[in-house]
Amino acid sequence: MTFATYEKTGRIAVVTMSRPEARNAIGTLEDCRDLSNALMRAHDDPEISVVILTGAGKAFCSGGDLKAIRERTGIGPQSKPDGTRANYRRGVQQIIRTLADIEVATIAAINGPAIGLGLDIGILCDIRIAGASAKLASSFVKVGIIPGDGGAWILTQAIGPARAAEMILTGDSIDAEEAARIGLVNRIAPDDQLMAEAHKLAERIAVNPPRAVRLAKRLLRESQHGRLSDIMELSAAFQALAHETADHKEAVDAFSEKRSPKFTGG
């Protein structure tokens with residue numbers, strides 16, 4: 001069964017991790033590929049501006065499948081350390097690279113526990129909305145391992161080194177209210193309204209010219225690790241492209257003519 005499902009409505013795609021009986025735990029390399037492929041499907045579709053990533057059932061993603069890890073049959077350890085290293089690079093880290101690289105905007109609708117790898121997948125989305133009952137934890141140390149998916153960098157980028165250290169070194173979980181207080185999620189929604197809130201936000205993004213949204217998303221990603229001088233050079237280059245789009249002309253014309261613009265992606 002496919003781990004990730006894909007549903008497209010207009011300029012919005014919903015990618016759902018779909019193993020609710022296992023709290024959407026990621027167990028195999030095929031699971032990693034399914035999720036990466038679903039995300040790349042949105043990236044490759046010029047009609048898509050926004051992806052909402054969520055989990056089926058009552059969990060967002062509980063991380064790696066501990067049964068598969070114990071049996072050395074899944075995304076974690078292999079018979080030798082070199083094999084384990086390669087397994088991480090072609091498995092869970094592929095999901096991380098995909099989320100870091102795709103140019104569509106991403107919204108995580110965190111509908112329940114987001115644990116370990118599941119937390120890092122959610123954090124890498126551009127915007128995060130948590131259901132009121134969500135629990136979040138970077139709990140790798142609780143099972144004697146470390147964030148093998150790059151989570152030390154991911155969490156530090158999101159909430160700073162001191163708070164990231166506290167979450168990673170204790171492995172403790174936090175609730176949605178605390179996650180919002182420290183900036184780990186943008187906002188909280190009642191559990192039964194989470195997807196509706198995510199769609200409202202996605203629609204506010206998708207109403208804008210799709211090429212401008214993608215260029216802005218890329219600038220935001222590059223700004224996480226680039227120097228100001230480099231980002232300004234990239235901004236000038238992207239702006240030169242944006243000025244030549246049909247949607248930019250349509251936006252200016254619509255403003256002058258006092259009407260609503262009709263964007264086509266051109």
# chains A, B, ... in the order shown; residues from 1 in each chain; ligands from 1
>>> residues_around(residues="range 198-205 of chain A", least_positions_apart="3", cutoff="10 Å", atoms="only C-alpha atoms", output="PyMOL selection string")
chain A and resi 10-14+49-54+105-110+127-130+189+193-195+208-210+213
>>> write_last_selection(atoms="N, CA and C atoms", output="PDB file, in the first residue's frame")
ATOM      1  N   GLY A  10      -7.411  22.546  -7.604  1.00  0.00           N
ATOM      2  CA  GLY A  10      -6.923  23.838  -8.070  1.00  0.00           C
ATOM      3  C   GLY A  10      -5.409  23.915  -7.968  1.00  0.00           C
ATOM      4  N   ARG A  11      -4.925  24.938  -7.277  1.00  0.00           N
ATOM      5  CA  ARG A  11      -3.484  25.128  -7.119  1.00  0.00           C
ATOM      6  C   ARG A  11      -2.961  24.567  -5.797  1.00  0.00           C
ATOM      7  N   ILE A  12      -3.766  23.781  -5.125  1.00  0.00           N
ATOM      8  CA  ILE A  12      -3.400  23.220  -3.821  1.00  0.00           C
ATOM      9  C   ILE A  12      -3.351  21.699  -3.907  1.00  0.00           C
ATOM     10  N   ALA A  13      -2.295  21.111  -3.393  1.00  0.00           N
ATOM     11  CA  ALA A  13      -2.189  19.654  -3.291  1.00  0.00           C
ATOM     12  C   ALA A  13      -2.143  19.266  -1.818  1.00  0.00           C
ATOM     13  N   VAL A  14      -2.808  18.181  -1.471  1.00  0.00           N
ATOM     14  CA  VAL A  14      -2.751  17.630  -0.116  1.00  0.00           C
ATOM     15  C   VAL A  14      -2.017  16.300  -0.179  1.00  0.00           C
ATOM     16  N   SER A  49       0.775  25.560  -6.372  1.00  0.00           N
ATOM     17  CA  SER A  49       1.490  26.585  -5.616  1.00  0.00           C
ATOM     18  C   SER A  49       1.757  26.180  -4.175  1.00  0.00           C
ATOM     19  N   VAL A  50       0.873  25.349  -3.616  1.00  0.00           N
ATOM     20  CA  VAL A  50       0.948  25.034  -2.189  1.00  0.00           C
ATOM     21  C   VAL A  50       0.686  23.550  -1.965  1.00  0.00           C
ATOM     22  N   VAL A  51       1.447  22.971  -1.033  1.00  0.00           N
ATOM     23  CA  VAL A  51       1.198  21.608  -0.555  1.00  0.00           C
ATOM     24  C   VAL A  51       0.827  21.671   0.918  1.00  0.00           C
ATOM     25  N   ILE A  52      -0.253  20.993   1.283  1.00  0.00           N
ATOM     26  CA  ILE A  52      -0.579  20.760   2.690  1.00  0.00           C
ATOM     27  C   ILE A  52      -0.146  19.333   3.007  1.00  0.00           C
ATOM     28  N   LEU A  53       0.726  19.182   3.988  1.00  0.00           N
ATOM     29  CA  LEU A  53       1.207  17.865   4.407  1.00  0.00           C
ATOM     30  C   LEU A  53       0.573  17.529   5.742  1.00  0.00           C
ATOM     31  N   THR A  54      -0.061  16.356   5.821  1.00  0.00           N
ATOM     32  CA  THR A  54      -0.722  15.952   7.059  1.00  0.00           C
ATOM     33  C   THR A  54      -0.657  14.438   7.203  1.00  0.00           C
ATOM     34  N   ALA A 105       5.195  26.224  -1.933  1.00  0.00           N
ATOM     35  CA  ALA A 105       5.034  26.494  -0.506  1.00  0.00           C
ATOM     36  C   ALA A 105       4.488  25.244   0.183  1.00  0.00           C
ATOM     37  N   THR A 106       4.894  25.040   1.429  1.00  0.00           N
ATOM     38  CA  THR A 106       4.456  23.856   2.172  1.00  0.00           C
ATOM     39  C   THR A 106       3.867  24.263   3.514  1.00  0.00           C
ATOM     40  N   ILE A 107       2.742  23.645   3.836  1.00  0.00           N
ATOM     41  CA  ILE A 107       2.068  23.864   5.120  1.00  0.00           C
ATOM     42  C   ILE A 107       1.937  22.519   5.808  1.00  0.00           C
ATOM     43  N   ALA A 108       2.448  22.401   7.014  1.00  0.00           N
ATOM     44  CA  ALA A 108       2.242  21.188   7.804  1.00  0.00           C
ATOM     45  C   ALA A 108       0.989  21.360   8.648  1.00  0.00           C
ATOM     46  N   ALA A 109       0.024  20.465   8.469  1.00  0.00           N
ATOM     47  CA  ALA A 109      -1.161  20.422   9.318  1.00  0.00           C
ATOM     48  C   ALA A 109      -0.934  19.290  10.310  1.00  0.00           C
ATOM     49  N   ILE A 110      -0.423  19.640  11.485  1.00  0.00           N
ATOM     50  CA  ILE A 110       0.034  18.648  12.465  1.00  0.00           C
ATOM     51  C   ILE A 110      -1.160  18.230  13.311  1.00  0.00           C
ATOM     52  N   ILE A 127       5.298  26.643   6.791  1.00  0.00           N
ATOM     53  CA  ILE A 127       4.339  27.128   7.780  1.00  0.00           C
ATOM     54  C   ILE A 127       3.750  25.913   8.485  1.00  0.00           C
ATOM     55  N   ARG A 128       3.536  26.045   9.810  1.00  0.00           N
ATOM     56  CA  ARG A 128       3.065  24.893  10.573  1.00  0.00           C
ATOM     57  C   ARG A 128       1.861  25.282  11.423  1.00  0.00           C
ATOM     58  N   ILE A 129       0.784  24.518  11.253  1.00  0.00           N
ATOM     59  CA  ILE A 129      -0.414  24.697  12.068  1.00  0.00           C
ATOM     60  C   ILE A 129      -0.619  23.404  12.856  1.00  0.00           C
ATOM     61  N   ALA A 130      -0.798  23.526  14.164  1.00  0.00           N
ATOM     62  CA  ALA A 130      -0.969  22.343  15.007  1.00  0.00           C
ATOM     63  C   ALA A 130      -2.400  22.230  15.487  1.00  0.00           C
ATOM     64  N   ALA A 189      -5.062  25.282  15.935  1.00  0.00           N
ATOM     65  CA  ALA A 189      -6.462  25.226  15.516  1.00  0.00           C
ATOM     66  C   ALA A 189      -7.155  24.096  16.275  1.00  0.00           C
ATOM     67  N   GLN A 193     -11.059  21.513  13.192  1.00  0.00           N
ATOM     68  CA  GLN A 193     -10.988  22.601  12.212  1.00  0.00           C
ATOM     69  C   GLN A 193      -9.609  22.744  11.582  1.00  0.00           C
ATOM     70  N   LEU A 194      -8.700  21.825  11.915  1.00  0.00           N
ATOM     71  CA  LEU A 194      -7.311  21.959  11.480  1.00  0.00           C
ATOM     72  C   LEU A 194      -7.178  22.015   9.962  1.00  0.00           C
ATOM     73  N   MET A 195      -7.764  21.054   9.263  1.00  0.00           N
ATOM     74  CA  MET A 195      -7.609  21.026   7.809  1.00  0.00           C
ATOM     75  C   MET A 195      -8.313  22.204   7.154  1.00  0.00           C
ATOM     76  N   ASN A 208      -2.113  34.045  -5.302  1.00  0.00           N
ATOM     77  CA  ASN A 208      -1.054  34.876  -5.867  1.00  0.00           C
ATOM     78  C   ASN A 208      -0.435  34.234  -7.102  1.00  0.00           C
ATOM     79  N   PRO A 209       0.297  35.016  -7.905  1.00  0.00           N
ATOM     80  CA  PRO A 209       0.919  34.458  -9.112  1.00  0.00           C
ATOM     81  C   PRO A 209       1.842  33.287  -8.765  1.00  0.00           C
ATOM     82  N   PRO A 210       1.630  32.106  -9.349  1.00  0.00           N
ATOM     83  CA  PRO A 210       2.379  30.912  -8.942  1.00  0.00           C
ATOM     84  C   PRO A 210       3.886  31.014  -9.121  1.00  0.00           C
ATOM     85  N   VAL A 213       5.253  33.049  -6.276  1.00  0.00           N
ATOM     86  CA  VAL A 213       5.251  32.269  -5.037  1.00  0.00           C
ATOM     87  C   VAL A 213       6.469  31.349  -4.982  1.00  0.00           C
TER      88      VAL A 213
END
>>> select_by_dssp(residues="range 37-242 of chain A", states="strand (DSSP E)", output="list in words")
Val50, Val51, Ile52, Leu53, Thr54, Gly55, Ala105, Thr106, Ile107, Ala108, Ala109, Ile110, Ala114, Ile115, Ile127, Arg128, Ile129, Ala130, Gly131, Lys135, Leu136, Ala137, Ser173, Ile174, Asp175, Arg187, Ile188 and Ala189 of chain A
>>> write_last_selection(atoms="N, CA, C and O atoms", output="CSV table (one decimal), in the first residue's frame")
chain,number,residue,atom,x,y,z
A,50,VAL,N,0.9,25.3,-3.6
A,50,VAL,CA,0.9,25.0,-2.2
A,50,VAL,C,0.7,23.6,-2.0
A,50,VAL,O,-0.2,23.0,-2.6
A,51,VAL,N,1.4,23.0,-1.0
A,51,VAL,CA,1.2,21.6,-0.6
A,51,VAL,C,0.8,21.7,0.9
A,51,VAL,O,1.5,22.3,1.7
A,52,ILE,N,-0.3,21.0,1.3
A,52,ILE,CA,-0.6,20.8,2.7
A,52,ILE,C,-0.1,19.3,3.0
A,52,ILE,O,-0.6,18.4,2.4
A,53,LEU,N,0.7,19.2,4.0
A,53,LEU,CA,1.2,17.9,4.4
A,53,LEU,C,0.6,17.5,5.7
A,53,LEU,O,0.7,18.3,6.7
A,54,THR,N,-0.1,16.4,5.8
A,54,THR,CA,-0.7,16.0,7.1
A,54,THR,C,-0.7,14.4,7.2
A,54,THR,O,-0.1,13.7,6.4
A,55,GLY,N,-1.2,13.9,8.3
A,55,GLY,CA,-1.3,12.5,8.5
A,55,GLY,C,-2.7,12.0,8.6
A,55,GLY,O,-3.6,12.7,9.0
A,105,ALA,N,5.2,26.2,-1.9
A,105,ALA,CA,5.0,26.5,-0.5
A,105,ALA,C,4.5,25.2,0.2
A,105,ALA,O,3.7,24.5,-0.4
A,106,THR,N,4.9,25.0,1.4
A,106,THR,CA,4.5,23.9,2.2
A,106,THR,C,3.9,24.3,3.5
A,106,THR,O,4.4,25.1,4.2
A,107,ILE,N,2.7,23.6,3.8
A,107,ILE,CA,2.1,23.9,5.1
A,107,ILE,C,1.9,22.5,5.8
A,107,ILE,O,1.4,21.6,5.2
A,108,ALA,N,2.4,22.4,7.0
A,108,ALA,CA,2.2,21.2,7.8
A,108,ALA,C,1.0,21.4,8.6
A,108,ALA,O,0.9,22.3,9.4
A,109,ALA,N,0.0,20.5,8.5
A,109,ALA,CA,-1.2,20.4,9.3
A,109,ALA,C,-0.9,19.3,10.3
A,109,ALA,O,-1.2,18.1,10.0
A,110,ILE,N,-0.4,19.6,11.5
A,110,ILE,CA,0.0,18.6,12.5
A,110,ILE,C,-1.2,18.2,13.3
A,110,ILE,O,-1.5,18.9,14.3
A,114,ALA,N,3.8,14.3,16.5
A,114,ALA,CA,4.8,14.5,15.5
A,114,ALA,C,6.1,14.3,16.3
A,114,ALA,O,6.6,15.1,17.0
A,115,ILE,N,6.6,13.1,16.1
A,115,ILE,CA,7.7,12.6,17.0
A,115,ILE,C,9.0,12.2,16.1
A,115,ILE,O,8.9,11.6,15.1
A,127,ILE,N,5.3,26.6,6.8
A,127,ILE,CA,4.3,27.1,7.8
A,127,ILE,C,3.8,25.9,8.5
A,127,ILE,O,3.5,24.9,7.8
A,128,ARG,N,3.5,26.0,9.8
A,128,ARG,CA,3.1,24.9,10.6
A,128,ARG,C,1.9,25.3,11.4
A,128,ARG,O,1.9,26.3,12.2
A,129,ILE,N,0.8,24.5,11.3
A,129,ILE,CA,-0.4,24.7,12.1
A,129,ILE,C,-0.6,23.4,12.9
A,129,ILE,O,-0.6,22.3,12.3
A,130,ALA,N,-0.8,23.5,14.2
A,130,ALA,CA,-1.0,22.3,15.0
A,130,ALA,C,-2.4,22.2,15.5
A,130,ALA,O,-3.0,23.2,15.8
A,131,GLY,N,-2.9,21.0,15.5
A,131,GLY,CA,-4.2,20.8,16.1
A,131,GLY,C,-4.0,20.9,17.7
A,131,GLY,O,-2.9,20.7,18.2
A,135,LYS,N,1.1,16.7,19.9
A,135,LYS,CA,2.3,16.6,20.8
A,135,LYS,C,3.5,16.5,19.9
A,135,LYS,O,3.5,15.8,18.9
A,136,LEU,N,4.6,17.2,20.3
A,136,LEU,CA,5.8,17.3,19.4
A,136,LEU,C,7.0,16.9,20.3
A,136,LEU,O,7.1,17.4,21.4
A,137,ALA,N,7.9,16.1,19.7
A,137,ALA,CA,9.1,15.7,20.5
A,137,ALA,C,10.2,15.3,19.5
A,137,ALA,O,10.0,14.7,18.5
A,173,SER,N,8.5,15.7,25.3
A,173,SER,CA,7.5,16.2,24.3
A,173,SER,C,6.9,17.5,24.9
A,173,SER,O,6.9,17.8,26.1
A,174,ILE,N,6.4,18.3,24.0
A,174,ILE,CA,5.7,19.5,24.3
A,174,ILE,C,4.3,19.5,23.7
A,174,ILE,O,4.1,18.8,22.7
A,175,ASP,N,3.4,20.3,24.2
A,175,ASP,CA,2.1,20.3,23.7
A,175,ASP,C,2.0,21.5,22.6
A,175,ASP,O,3.0,22.2,22.4
A,187,ARG,N,0.6,28.6,14.6
A,187,ARG,CA,-0.7,28.8,15.3
A,187,ARG,C,-1.3,27.4,15.6
A,187,ARG,O,-0.9,26.4,15.1
A,188,ILE,N,-2.4,27.5,16.4
A,188,ILE,CA,-3.1,26.3,16.9
A,188,ILE,C,-4.5,26.4,16.3
A,188,ILE,O,-5.1,27.5,16.3
A,189,ALA,N,-5.1,25.3,15.9
A,189,ALA,CA,-6.5,25.2,15.5
A,189,ALA,C,-7.2,24.1,16.3
A,189,ALA,O,-6.5,23.1,16.6
>>> closest_residue(among="A:Ile26, A:Glu71, A:Asp34, A:Arg89", to="Gly116 in chain A", atoms="only C-alpha atoms")
A:Ile26
>>> closest_residue(among="A:Glu250, A:Asp65, A:Glu30, A:Glu244", to="Val143 in chain A", atoms="only C-alpha atoms")
A:Asp65
>>> select_by_dssp(residues="range 49-182 of chain A", states="helix (DSSP H, G or I)", output="ChimeraX atom specification")
/A:66-71,81-90,92-101,117-123,140-143,151-159,161-170,176-181
>>> atom_distance(atom1="CA of Ala176 in chain A", atom2="CA of Asp126 in chain A")
17.3 Å
>>> atom_distance(atom1="CA of Ala4 in chain A", atom2="CA of Ala38 in chain A")
6.6 Å
>>> closest_residue(among="A:Asn87, A:Ala216, A:Arg221, A:Ala25", to="Ala236 in chain A", atoms="only C-alpha atoms")
A:Ala216
>>> closest_residue(among="A:Glu47, A:Thr170, A:Cys125, A:Gly57", to="Ile102 in chain A", atoms="only C-alpha atoms")
A:Cys125
>>> atom_distance(atom1="CA of Asp247 in chain A", atom2="CA of Ser260 in chain A")
12.2 Å
>>> closest_residue(among="A:Leu66, A:His225, A:Arg41, A:Pro46", to="Gly144 in chain A", atoms="only C-alpha atoms")
A:Leu66
>>> closest_residue(among="A:Thr2, A:Gly76, A:Ile48, A:Ile96", to="Gly27 in chain A", atoms="only C-alpha atoms")
A:Gly76
>>> residues_around(residues="Gly74 in chain A", least_positions_apart="5", cutoff="6 Å", atoms="only C-alpha atoms", output="MDAnalysis selection string")
chainID A and resid 27:28 68:69
>>> residues_around(residues="Ala212 in chain A", least_positions_apart="3", cutoff="12 Å", atoms="only C-alpha atoms", output="ChimeraX atom specification")
/A:46,49,103-105,205-209,215-219,235,238-248,251,263-266
